[in-house]
Amino acid sequence: MAELAGSASAARRQPALAAPPVLWAGVAIQVLPDEARFSLRLPKAAAATAAEVAGFSLAVPVNRYAKNDQRWSARLGPNEWLLGGPEGDGGAIAAEIEAALAGQIHGVTDISHRQVAFDVAGAEAANILNAGCPLDLSLVGFPGGSATRSILGKAEIVLMRPASAPVFRVECWRSFAEYVHAFLAEAARDCPARE
Amino acid sequence: MLLIDCPYCGPRPEVEFRCGGEAHIARPAQPADMDDKAWAEFLFIRSNPKGVHAERWIHQHGCQRWFNALRDTYTDAFIETYEMGTKPSRLPDGRTTR
Amino acid sequence: MKQDYRLAKGGRIDRARPLSVTFNGRRLFGFAGDTLASLLLANGQHLVGRSFKYHRPRGVLSHGSDEPNALLAVDRGPGRIDPNNRASMVEARDGLVARSQNHWPSLDFDVGAVNDALAPLFPAGFYYKTFMWPRAFWDRLYEPAIRAAAGLGEAPSSPDPDRYAHRHAHCDVLIVGGGPAGLAAALAASATDKSVILADEGAELGGALLHESSATIDGAPAAQWLAETVKTLIGRANLTLLPRTTAFGYYNHNHVALIERLADHLAAPPPDLARERLWQVRAREVVLATGAHERPLIFADNDRPGIMLAESVRAFINRYAVAPGRRIVFATSGASAYSAAADAKAAGVDVALVDIRREEACRADAAALRAMGCEVLTGHTIIGSTGRKRVSGLIVAPIDGQAKVGARRTLDCDCVGLSGGWTPAVHLFSQSRGALRFEPAIDGFVPDRAAQAVRSAGASGGTYPLSACLTEGFAAGAAAAGAPAARSFAASATRVGFQPARALPTSRDAKRVKAFVDFQNDVTAKDVKLAVNEGFESIEHVKRYTTTGMATDQGKTSNMNALALAADALGKPIPQVGTTTFRPPYTPVSFAAIVGPSRGSLFDPVRKTPIYDWAAERGAKFENVSLWRRAWYFPKPGEDMHAAVARECKAARGAVGLFDGSTLGKIEVVGPDAAEFMNRMYINSWTKLEPGRCRYGVMLKEDGYILDDGVVARLAPDRFHVTTTTGGAARVLNHMEDYLQTEWPHLDVFLTSITEQWAVIAVQGPKARETIAPLVAGVDLSNEAFPHMSVRACRILGAPCRLFRVSFTGEVGYEINVPSDFGRAVWEAVYERGQAFGITPYGTEAMHVLRAERGFIIVGQETDGTMTPDDVGLAGMIAKAKPDFVGKRSLARPDLVAPGRKQLVGLLTEDPNLVLDEGAQIVENPAMPIPMRMIGHVTSSYWSANCGRSIALAMIADGRNLMGRTLHATVAAGFASVKVSAPVFVDPKGERVHG
């Protein structure tokens with residue numbers, strides 16, 4: 001069994017939620033594939049001047065989203081970023097961040113498995129999210145490139161809108177994924193496009 | 001539902017926040033040096049004005065940062081929100097902030 | 001198909017779409033566009049319900065949402081019986097089934113009507129006065145009887161099968177009310193680029209314009225102007241029109257709640273359509289154009305079926321083409337009823353009008369009506385009415401200049417239209433905490449100083465002429481949109497103005513008649529006077545004592561009359577008496593709509609661990625721990641809980657047990673000041689804890705009481721892996737963030753919740769090491785290299801792993817932390833590997849027993865928010881050399897060092913088979929007279945298979961000085977003797993954990 005212990009492929013990942021896409025006329029809800037995710041924290045002073053770390057844009061205002069190639073960052077607070085990248089790059093990302101910030105005060109924590117992500121896309125996406133999210137999700141209130149923590153019903157979420165297209169990315173802690181997905185699926189039935 | 005102007009995120013709905021009670025009550029630097037009465041004052045005694053009140057809020061389901069606010073407890077109007085460790089541009093009743 | 005009272009032409013009903021409804025089992029016919037009220041009246045059904053208290057026959061009073069009488073149950077099938085629908089607001093649709101309420105055995109013959117005859121026994125405050133004594137009668141007689149009689153309608157008893165949706169929305173301008181003022185406001189506001197929502201409670205926009213037959217606006221008939229305006233508004237992309245939507249609550253910072261009725265008006269609603277949608281709108285500006293309510297006149301027997309509001313008579317005739325009577329008498333103190341009378345006459349009805357005012361106050365209107373051939377009596381009062389289930393006559397009498405009532409005369413009629421003036425609907429403005437001002441010119445309260453970004457327009461602001469309503473609405477809409485503009489509307493003159501009418505002068509003994517003020521709660525004029533006579537001076541007290549205005553109609557038709565009567569009785573002017581507070585909801589809102597999607601599986605998030613499915617597949621029983629659903633025990637076929645838990649406990653001590661600890665709260669504490677921060681947060685010292693080692697930590701609140709506990713691992717000099725209790729995870733993180741951000745912002749520490757990053761698989765028991773050894777790589781598991789209370793980063797089955805050597809059982813134990821997606825695979829591999837040793841999965845119940853056998857506390861079970869470390873025997877953990885930590889100073893508070901505090905002890909029952917109740921009280925001497933002195937309570941109690949007897953933990957005053965003493969615990973049958981012991985029952989020296 002010793003070789004079993006060392007083998008990289010022995011334990012298989014089991015995703016927190018395997019749900020088929022929810023498809024209505026005005027909205028499609030899909031579980032997104034696994035990604036590597038990190039929470040990056042910097043001291044307040046350093047946060048103000050941070051620019052780019054390991055390909056992640058940090059110099060964006062609070063509640064903004066940025067993407068470079070396959071690596072994206074969402075500034076959730078004055079000194080907090082949610083970083084994401086391809087699932088297989090997790091180790092590399094961690095190492096690159098540590099190398100880039102060597103000698104600087106910082107905190108990086110792997111939260112790849114903590115969260116589950118959904119796409120909520122379509123003309124009715126904002127209305128569906130507004131069934132449980134109290135924010136103004138119009139293009140005026142939540143323009144392309146917005147990202148923030150908020151709530152959906154009784155769950156906390158991170159909500160991102162990468163561009164002005166009506167495609168939202170919802171992230172939540174894994175044990176809330178079933179609830180968040182079911183909440184969105186229920187809300188999607190309220191799609192006026194069906195009336 | 002209140003609309004609260006988070007110093008970092010802007011106006012957001014009350015459900016994203018939690019109130020942490022009266023602001024500007026700093027934890028004493030040397031608790032051991034305090035007598036029981038002074039310590040009890042720090043622990044338990046809070047003002048409860050009808051009118052402008054300085055209080056602590058955290059944007060729990062947002063940036064998760066604590067901040068201070070001046071709120072009129074009668075009208076529920078927020079007069080000002082400001083970062084932790086800073087003072088409001090004007091004080092509710094002339095008290096100095098710590 | 002016959003509708004006796006349907007007019008041959010006119011109205012907004014669609015005669016091409018006939019329909020039928022069932023009322024009390026009878027099939028009645030109508031048309032699309034009818035409400036239940038208009039349909040019933042078209043069929044001559046005036047009697048539609050029995051009143052709340054006296055069970056008096058009642059009919060439709062109003063055509064709008066202020067209806068107090070005509071409350072019907074609408075039956076849409078099983079689980080869909082909805083009580084207390086106002087008939088005037090229910091749209092008729094084919095197949096609708098409705099029933100009247102509050103009568104037995106039938107609407108026509110109601111036994112409860114005896115209350116009417118016994119009315120002298122039921123004055124205001126009757127309940128408070130009558131059911132005082134004898135005390136013993138309350139539980140068995142009074143309360144059940146009152147409960148049976150209380151309430152209107154029957155609550156449904158099966159689950160509601162419908163969906164209810166929620167929606168948050170934001171807009172620049174919210175306009176409430178789609179009458180002339182609201183429409184004009186919408187025209188102005190939506191002409192800008194601002195986002196606008198217009199909500200109206202009716203099925204059709206237009207408000208009073210929907211029954212306005214004679215007025216013109218800008219030269220066009222009102223109906224034509226309305227049609228063109230609605231068309232214009234529909235074309236505006238920045239405007240959301242919400243018909244059938246009631247704004248029912250106005251909360252802080254322009255947060256307004258709306259209820260939209262989506263399905264009830266449809267004969268066959270689509271299956272996915274929600275029945276109702278609750279909107280929470282945050283508006284930058286709000287325009288209230290909510291109109292006004294007409295007041296009835298107060299005289300004896302003013303509540304008979306067929307007696308309704310004058311403007312409602314007009315609405316039934318003009319909008320619904322229903323003549324509510326063949327001979328209608330209007331009784332009025334104001335001008336608007338003349339328009340109603342004229343329209344009734346024009347529709348072919350026999351009309352007479354009685355005006356309270358003297359001839360000179362209404363000469364022109366009276367002359368015009370007389371010219372149409374109607375009898376008009378001015379300077380008359382109303383003495384009463386005749387009829388029973390339908391009004392048959394109105395008794396009137398002249399009043400001379402000295403207010404002397406002359407000879408009575410009865411005007412035959414089958415319908416009466418009352419108008420006692422108008423009351424602006426200031427409900428939402430008042431809810432917004434705006435101040436009201438009494439305006440004597442219109443005898444009503446009007447909006448004064450606004451507390452939020454809100455403005456009123458039209459009748460809700462006290463402005464009644466049509467042209468002024470339009471102009472004011474337009475200006476309000478433009479200003480709310482930030483683009484002030486004015487536009488004048490040329491509307492034909494409207495009849496406005498009235499003389500305030502209180503209880504009408506009468507020659508009868510006012511004490512012996514019922515002149516209703518509040519129809520829904522059966523409050524009469526004499527009740528209000530009685531309340532004042534009995535010493536109630538505040539209008540809020542009068543309201544509660546008489547219950548006037550407290551029914552579901554919120555006193556829309558009655559408040560102003562009740563207030564004026566109270567003011568008269570008090571001899572004070574109305575502004576001095578003030579008005580009662582308006583509270584949400586404006587009209588009743590179904591609980592289901594408030595609950596919305598949060599029911600069934602969406603009631604709360606149900607949090608499950610990565611191992612949940614495995615446990616469920618094996619028939620585990622689960623328990624709720626905060627929002628988590630945790631495996632409680634794993635019964636084998638035929639096993640009960642007792643047997644399963646006993647087996648699981650034996651296995652963990654005898655061989656190896658497997659436990660899902662994934663719900664444990666976890667926080668990564670990172671940064672150069674991490675150790676310093678930990679020193680300040682915990683009673684322990686962390687400075688000397690080497691990386692790779694663990695320590696059990698206890699955390700206090702600033703008041704010195706235990707907040708939480710858990711094992712903390714130091715992964716690196718600047719990185720800790722903190723664990724918390726399952727239920728305390730969020731609390732501990734919040735507590736830490738609070739101190740970090742507000743007290744010590746200079747510390748460079750970062751906190752991240754990693755609860756859900758890691759699945760935790762606890763492997764406990766003498767065979768634990770052998771079980772996991774073949775699966776892990778990169779770690780030496782020997783006792784020397786990896787002793788108890790250590791942590792190592794390694795790999796298990798190729799997955800990254802934080803392996804803890806810790807124990808919550810007192811046995812050799814490991815807690816395997818793997819990224820959550822690997823949790824199930826690793827769990828299954830451990831389970832498979834452990835088969836050779838009889839590995840036994842155990843649940844939270846066995847976990848509780850195992851830790852209690854070793855005397856480990858559970859925060860929240862042994863502690864209750866008032867326990868210090870010393871109370872639970874953990875004083876030795878306090879790092880006394882530390883100058884400070886959160887809660888340290890409080891540990892020296894006089895109460896916390898006083899003798900006699902409750903202390904953690906063990907209890908052994910005299911009867912080893914007796915398992916005490918958790919929470920049982922402990923006394924020293926059960927022979928003591930009651931009340932006995934209770935010296936403590938049982939906090940944990942189990943059957944311990946490993947001990948072969950029951951064990952218990954308890955918090956007992958001065959308990960550590962009572963070792964060996966016999967005390968007494970409460971049991972169902974009295975008391976049981978227990979002996980105080982040390983709080984440890986297995987392996988007292990704690991040696992087994994080292995293996």
# chains A, B, ... in the order shown; residues from 1 in each chain; ligands from 1

$ interface_residues --of "chain A" --to "chain B" --cutoff "12 Å" --atoms "only C-alpha atoms" --output "PDB file with N, CA and C atoms, in the first residue's frame"
ATOM      1  N   LYS A  44      -2.619  47.316   5.279  1.00  0.00           N
ATOM      2  CA  LYS A  44      -3.354  48.418   4.660  1.00  0.00           C
ATOM      3  C   LYS A  44      -2.456  49.295   3.765  1.00  0.00           C
ATOM      4  N   PRO A  61     -10.001  49.185  -7.728  1.00  0.00           N
ATOM      5  CA  PRO A  61     -10.729  49.684  -6.554  1.00  0.00           C
ATOM      6  C   PRO A  61     -11.441  48.537  -5.820  1.00  0.00           C
ATOM      7  N   VAL A  62     -11.808  48.796  -4.584  1.00  0.00           N
ATOM      8  CA  VAL A  62     -12.590  47.825  -3.818  1.00  0.00           C
ATOM      9  C   VAL A  62     -13.867  47.503  -4.592  1.00  0.00           C
ATOM     10  N   ASN A  63     -14.227  46.227  -4.569  1.00  0.00           N
ATOM     11  CA  ASN A  63     -15.432  45.737  -5.252  1.00  0.00           C
ATOM     12  C   ASN A  63     -15.290  45.710  -6.784  1.00  0.00           C
ATOM     13  N   ARG A  64     -14.025  45.582  -7.243  1.00  0.00           N
ATOM     14  CA  ARG A  64     -13.827  45.454  -8.699  1.00  0.00           C
ATOM     15  C   ARG A  64     -13.122  44.141  -9.006  1.00  0.00           C
ATOM     16  N   ALA A  74     -10.573  39.462  -7.512  1.00  0.00           N
ATOM     17  CA  ALA A  74     -11.718  40.268  -7.089  1.00  0.00           C
ATOM     18  C   ALA A  74     -11.338  40.917  -5.771  1.00  0.00           C
ATOM     19  N   ARG A  75     -11.337  42.240  -5.758  1.00  0.00           N
ATOM     20  CA  ARG A  75     -10.957  42.943  -4.524  1.00  0.00           C
ATOM     21  C   ARG A  75     -12.204  43.074  -3.647  1.00  0.00           C
ATOM     22  N   LEU A  76     -12.249  42.276  -2.615  1.00  0.00           N
ATOM     23  CA  LEU A  76     -13.462  42.200  -1.786  1.00  0.00           C
ATOM     24  C   LEU A  76     -13.463  43.204  -0.644  1.00  0.00           C
ATOM     25  N   GLY A  77     -12.299  43.763  -0.356  1.00  0.00           N
ATOM     26  CA  GLY A  77     -12.204  44.740   0.722  1.00  0.00           C
ATOM     27  C   GLY A  77     -10.940  45.539   0.524  1.00  0.00           C
ATOM     28  N   PRO A  78     -10.687  46.499   1.413  1.00  0.00           N
ATOM     29  CA  PRO A  78      -9.515  47.358   1.196  1.00  0.00           C
ATOM     30  C   PRO A  78      -8.205  46.578   1.148  1.00  0.00           C
ATOM     31  N   ASN A  79      -8.121  45.459   1.878  1.00  0.00           N
ATOM     32  CA  ASN A  79      -6.851  44.703   1.833  1.00  0.00           C
ATOM     33  C   ASN A  79      -7.098  43.204   1.646  1.00  0.00           C
ATOM     34  N   GLU A  80      -8.154  42.890   0.930  1.00  0.00           N
ATOM     35  CA  GLU A  80      -8.476  41.488   0.697  1.00  0.00           C
ATOM     36  C   GLU A  80      -8.804  41.245  -0.771  1.00  0.00           C
ATOM     37  N   TRP A  81      -8.167  40.232  -1.339  1.00  0.00           N
ATOM     38  CA  TRP A  81      -8.454  39.836  -2.715  1.00  0.00           C
ATOM     39  C   TRP A  81      -8.800  38.356  -2.765  1.00  0.00           C
ATOM     40  N   LEU A  82      -9.765  38.047  -3.588  1.00  0.00           N
ATOM     41  CA  LEU A  82     -10.040  36.650  -3.919  1.00  0.00           C
ATOM     42  C   LEU A  82      -9.374  36.411  -5.272  1.00  0.00           C
ATOM     43  N   GLY A 132     -33.033  37.072  -4.076  1.00  0.00           N
ATOM     44  CA  GLY A 132     -32.464  36.916  -2.743  1.00  0.00           C
ATOM     45  C   GLY A 132     -31.303  37.843  -2.461  1.00  0.00           C
ATOM     46  N   CYS A 133     -30.861  38.564  -3.467  1.00  0.00           N
ATOM     47  CA  CYS A 133     -29.728  39.472  -3.283  1.00  0.00           C
ATOM     48  C   CYS A 133     -30.254  40.902  -3.277  1.00  0.00           C
ATOM     49  N   PRO A 134     -29.974  41.661  -2.218  1.00  0.00           N
ATOM     50  CA  PRO A 134     -30.598  42.979  -2.091  1.00  0.00           C
ATOM     51  C   PRO A 134     -29.876  44.097  -2.839  1.00  0.00           C
ATOM     52  N   LEU A 135     -28.870  43.775  -3.621  1.00  0.00           N
ATOM     53  CA  LEU A 135     -28.112  44.845  -4.286  1.00  0.00           C
ATOM     54  C   LEU A 135     -28.778  45.282  -5.583  1.00  0.00           C
ATOM     55  N   ASP A 136     -28.450  46.500  -6.005  1.00  0.00           N
ATOM     56  CA  ASP A 136     -28.895  46.996  -7.303  1.00  0.00           C
ATOM     57  C   ASP A 136     -27.999  46.352  -8.362  1.00  0.00           C
ATOM     58  N   GLY A 141     -25.981  50.134 -11.282  1.00  0.00           N
ATOM     59  CA  GLY A 141     -25.630  49.812  -9.900  1.00  0.00           C
ATOM     60  C   GLY A 141     -24.511  48.792  -9.790  1.00  0.00           C
ATOM     61  N   PHE A 142     -24.368  47.942 -10.782  1.00  0.00           N
ATOM     62  CA  PHE A 142     -23.386  46.847 -10.729  1.00  0.00           C
ATOM     63  C   PHE A 142     -22.825  46.645 -12.129  1.00  0.00           C
ATOM     64  N   SER A 146     -17.696  44.415 -11.769  1.00  0.00           N
ATOM     65  CA  SER A 146     -18.027  44.533 -10.345  1.00  0.00           C
ATOM     66  C   SER A 146     -17.828  43.191  -9.647  1.00  0.00           C
ATOM     67  N   ALA A 147     -17.496  43.244  -8.368  1.00  0.00           N
ATOM     68  CA  ALA A 147     -17.344  42.022  -7.569  1.00  0.00           C
ATOM     69  C   ALA A 147     -17.510  42.402  -6.116  1.00  0.00           C
ATOM     70  N   THR A 148     -18.300  41.647  -5.398  1.00  0.00           N
ATOM     71  CA  THR A 148     -18.500  41.949  -3.979  1.00  0.00           C
ATOM     72  C   THR A 148     -19.024  40.744  -3.235  1.00  0.00           C
ATOM     73  N   ARG A 149     -18.785  40.741  -1.937  1.00  0.00           N
ATOM     74  CA  ARG A 149     -19.496  39.809  -1.089  1.00  0.00           C
ATOM     75  C   ARG A 149     -20.899  40.363  -0.865  1.00  0.00           C
ATOM     76  N   SER A 150     -21.877  39.509  -0.756  1.00  0.00           N
ATOM     77  CA  SER A 150     -23.229  39.955  -0.425  1.00  0.00           C
ATOM     78  C   SER A 150     -23.980  38.747   0.108  1.00  0.00           C
ATOM     79  N   ILE A 151     -25.295  38.790   0.003  1.00  0.00           N
ATOM     80  CA  ILE A 151     -26.072  37.647   0.452  1.00  0.00           C
ATOM     81  C   ILE A 151     -27.071  37.241  -0.626  1.00  0.00           C
ATOM     82  N   LEU A 152     -27.430  35.988  -0.584  1.00  0.00           N
ATOM     83  CA  LEU A 152     -28.494  35.469  -1.442  1.00  0.00           C
ATOM     84  C   LEU A 152     -29.402  34.652  -0.524  1.00  0.00           C
ATOM     85  N   GLY A 153     -30.593  35.165  -0.274  1.00  0.00           N
ATOM     86  CA  GLY A 153     -31.465  34.489   0.682  1.00  0.00           C
ATOM     87  C   GLY A 153     -30.776  34.423   2.032  1.00  0.00           C
ATOM     88  N   LYS A 154     -30.539  33.221   2.518  1.00  0.00           N
ATOM     89  CA  LYS A 154     -29.909  33.076   3.824  1.00  0.00           C
ATOM     90  C   LYS A 154     -28.450  32.636   3.710  1.00  0.00           C
ATOM     91  N   ALA A 155     -27.858  32.795   2.545  1.00  0.00           N
ATOM     92  CA  ALA A 155     -26.462  32.391   2.370  1.00  0.00           C
ATOM     93  C   ALA A 155     -25.615  33.599   1.980  1.00  0.00           C
ATOM     94  N   GLU A 156     -24.356  33.537   2.409  1.00  0.00           N
ATOM     95  CA  GLU A 156     -23.420  34.573   1.963  1.00  0.00           C
ATOM     96  C   GLU A 156     -22.836  34.154   0.629  1.00  0.00           C
ATOM     97  N   ILE A 157     -22.682  35.109  -0.270  1.00  0.00           N
ATOM     98  CA  ILE A 157     -22.110  34.797  -1.578  1.00  0.00           C
ATOM     99  C   ILE A 157     -21.041  35.830  -1.933  1.00  0.00           C
ATOM    100  N   VAL A 158     -20.233  35.491  -2.927  1.00  0.00           N
ATOM    101  CA  VAL A 158     -19.440  36.493  -3.625  1.00  0.00           C
ATOM    102  C   VAL A 158     -20.055  36.590  -5.017  1.00  0.00           C
ATOM    103  N   LEU A 159     -20.384  37.802  -5.417  1.00  0.00           N
ATOM    104  CA  LEU A 159     -21.049  38.018  -6.699  1.00  0.00           C
ATOM    105  C   LEU A 159     -20.119  38.807  -7.609  1.00  0.00           C
ATOM    106  N   CYS A 172     -20.026  30.562  -3.402  1.00  0.00           N
ATOM    107  CA  CYS A 172     -20.438  30.417  -2.008  1.00  0.00           C
ATOM    108  C   CYS A 172     -19.611  29.302  -1.382  1.00  0.00           C
TER     109      CYS A 172
END

$ interface_residues --of "chain B" --to "chain C" --cutoff "12 Å" --atoms "only C-alpha atoms" --output "number ranges by chain"
B: 1-5, 11-14, 18-21, 23-44, 56-61, 64-68, 74-78, 83-86, 98

$ select_by_dssp --residues "stretch 420-552 of chain C" --states "helix (DSSP H, G or I)" --output "PyMOL selection string"
chain C and resi 427-431+440-442+458-461+466-480+510-512+525-533+539-546

$ write_last_selection --atoms "C-alpha atoms" --output "short mmCIF file (atom, residue, chain, number, x, y, z; two decimals), in the first residue's frame"
data_model
loop_
_atom_site.label_atom_id
_atom_site.label_comp_id
_atom_site.auth_asym_id
_atom_site.auth_seq_id
_atom_site.Cartn_x
_atom_site.Cartn_y
_atom_site.Cartn_z
CA HIS C 427 -50.94 55.78 5.73
CA LEU C 428 -47.67 55.34 3.85
CA PHE C 429 -46.59 58.90 4.52
CA SER C 430 -47.17 58.32 8.23
CA GLN C 431 -45.33 54.99 8.08
CA PRO C 440 -59.49 72.23 9.13
CA ALA C 441 -60.47 73.23 5.59
CA ILE C 442 -60.76 69.59 4.60
CA GLY C 458 -53.38 64.71 -5.21
CA ALA C 459 -56.02 63.54 -2.79
CA SER C 460 -53.54 61.79 -0.50
CA GLY C 461 -52.07 65.24 0.07
CA LEU C 466 -59.11 66.90 -10.62
CA SER C 467 -57.06 69.55 -12.43
CA ALA C 468 -55.11 70.27 -9.27
CA CYS C 469 -54.46 66.56 -8.73
CA LEU C 470 -53.03 66.26 -12.23
CA THR C 471 -50.92 69.39 -11.98
CA GLU C 472 -49.63 68.48 -8.58
CA GLY C 473 -48.87 64.91 -9.63
CA PHE C 474 -46.95 66.06 -12.67
CA ALA C 475 -44.89 68.51 -10.63
CA ALA C 476 -44.18 65.86 -8.00
CA GLY C 477 -43.06 63.32 -10.60
CA ALA C 478 -40.82 65.84 -12.33
CA ALA C 479 -39.27 67.02 -9.08
CA ALA C 480 -38.73 63.45 -7.87
CA ALA C 510 -78.38 57.65 21.42
CA LYS C 511 -77.60 55.17 24.20
CA ARG C 512 -80.07 52.65 22.84
CA ALA C 525 -70.39 55.83 18.43
CA LYS C 526 -71.51 55.13 21.98
CA ASP C 527 -68.52 52.80 22.50
CA VAL C 528 -66.17 55.66 21.73
CA LYS C 529 -68.05 57.95 24.10
CA LEU C 530 -68.05 55.27 26.79
CA ALA C 531 -64.30 54.88 26.53
CA VAL C 532 -63.86 58.60 27.07
CA ASN C 533 -66.34 58.56 29.97
CA ILE C 539 -56.57 58.45 21.31
CA GLU C 540 -54.17 55.48 21.31
CA HIS C 541 -55.91 54.18 24.45
CA VAL C 542 -59.38 54.82 23.08
CA LYS C 543 -58.39 52.87 20.00
CA ARG C 544 -57.19 49.88 21.98
CA TYR C 545 -60.06 49.91 24.47
CA THR C 546 -62.76 50.08 21.81
#

$ atom_distance --atom1 "atom CA of C:Gly179" --atom2 "atom CA of C:Ala263"
23.1 Å

$ atom_distance --atom1 "atom CA of C:Phe316" --atom2 "atom CA of C:Leu19"
17.8 Å

$ interface_residues --of "chain C" --to "chain A" --cutoff "6 Å" --atoms "only C-alpha atoms" --output "list in words"
His166, Arg167, His168, His170, Asp272, Pro605, Arg607, Lys608, Val670, Glu756, Gln757, Pro774, Leu775, Val776, Ala777, Ile796, Leu797, Gly798, Pro819, Ser820, Asp821, Phe822 and Ala825 of chain C

$ closest_residue --among "C:Leu40, C:Ile197, C:Ala289, C:Ala852" --to "C:Trp943" --atoms "only C-alpha atoms"
C:Ala852

$ atom_distance --atom1 "atom CA of C:Ala945" --atom2 "atom CA of C:Arg647"
7.8 Å

$ residues_around --residues "stretch 46-56 of chain A" --least-positions-apart "3" --cutoff "8 Å" --atoms "only C-alpha atoms" --output "ChimeraX atom specification"
/A:42-43,59,66-68,71-73,78-79,83,93,96-97,100-101

$ residues_around --residues "stretch 781-791 of chain C" --least-positions-apart "5" --cutoff "10 Å" --atoms "only C-alpha atoms" --output "number ranges by chain"
C: 690-696, 711-715, 721, 769-770, 772-773, 776, 802-807, 812-816, 993-995

$ select_by_dssp --residues "stretch 10-189 of chain A" --states "strand (DSSP E or B)" --output "number ranges by chain"
A: 22-23, 28-31, 35-41, 52-53, 56-57, 64-68, 71-77, 80-86, 107-110, 115-121, 146-152, 155-161, 167-173
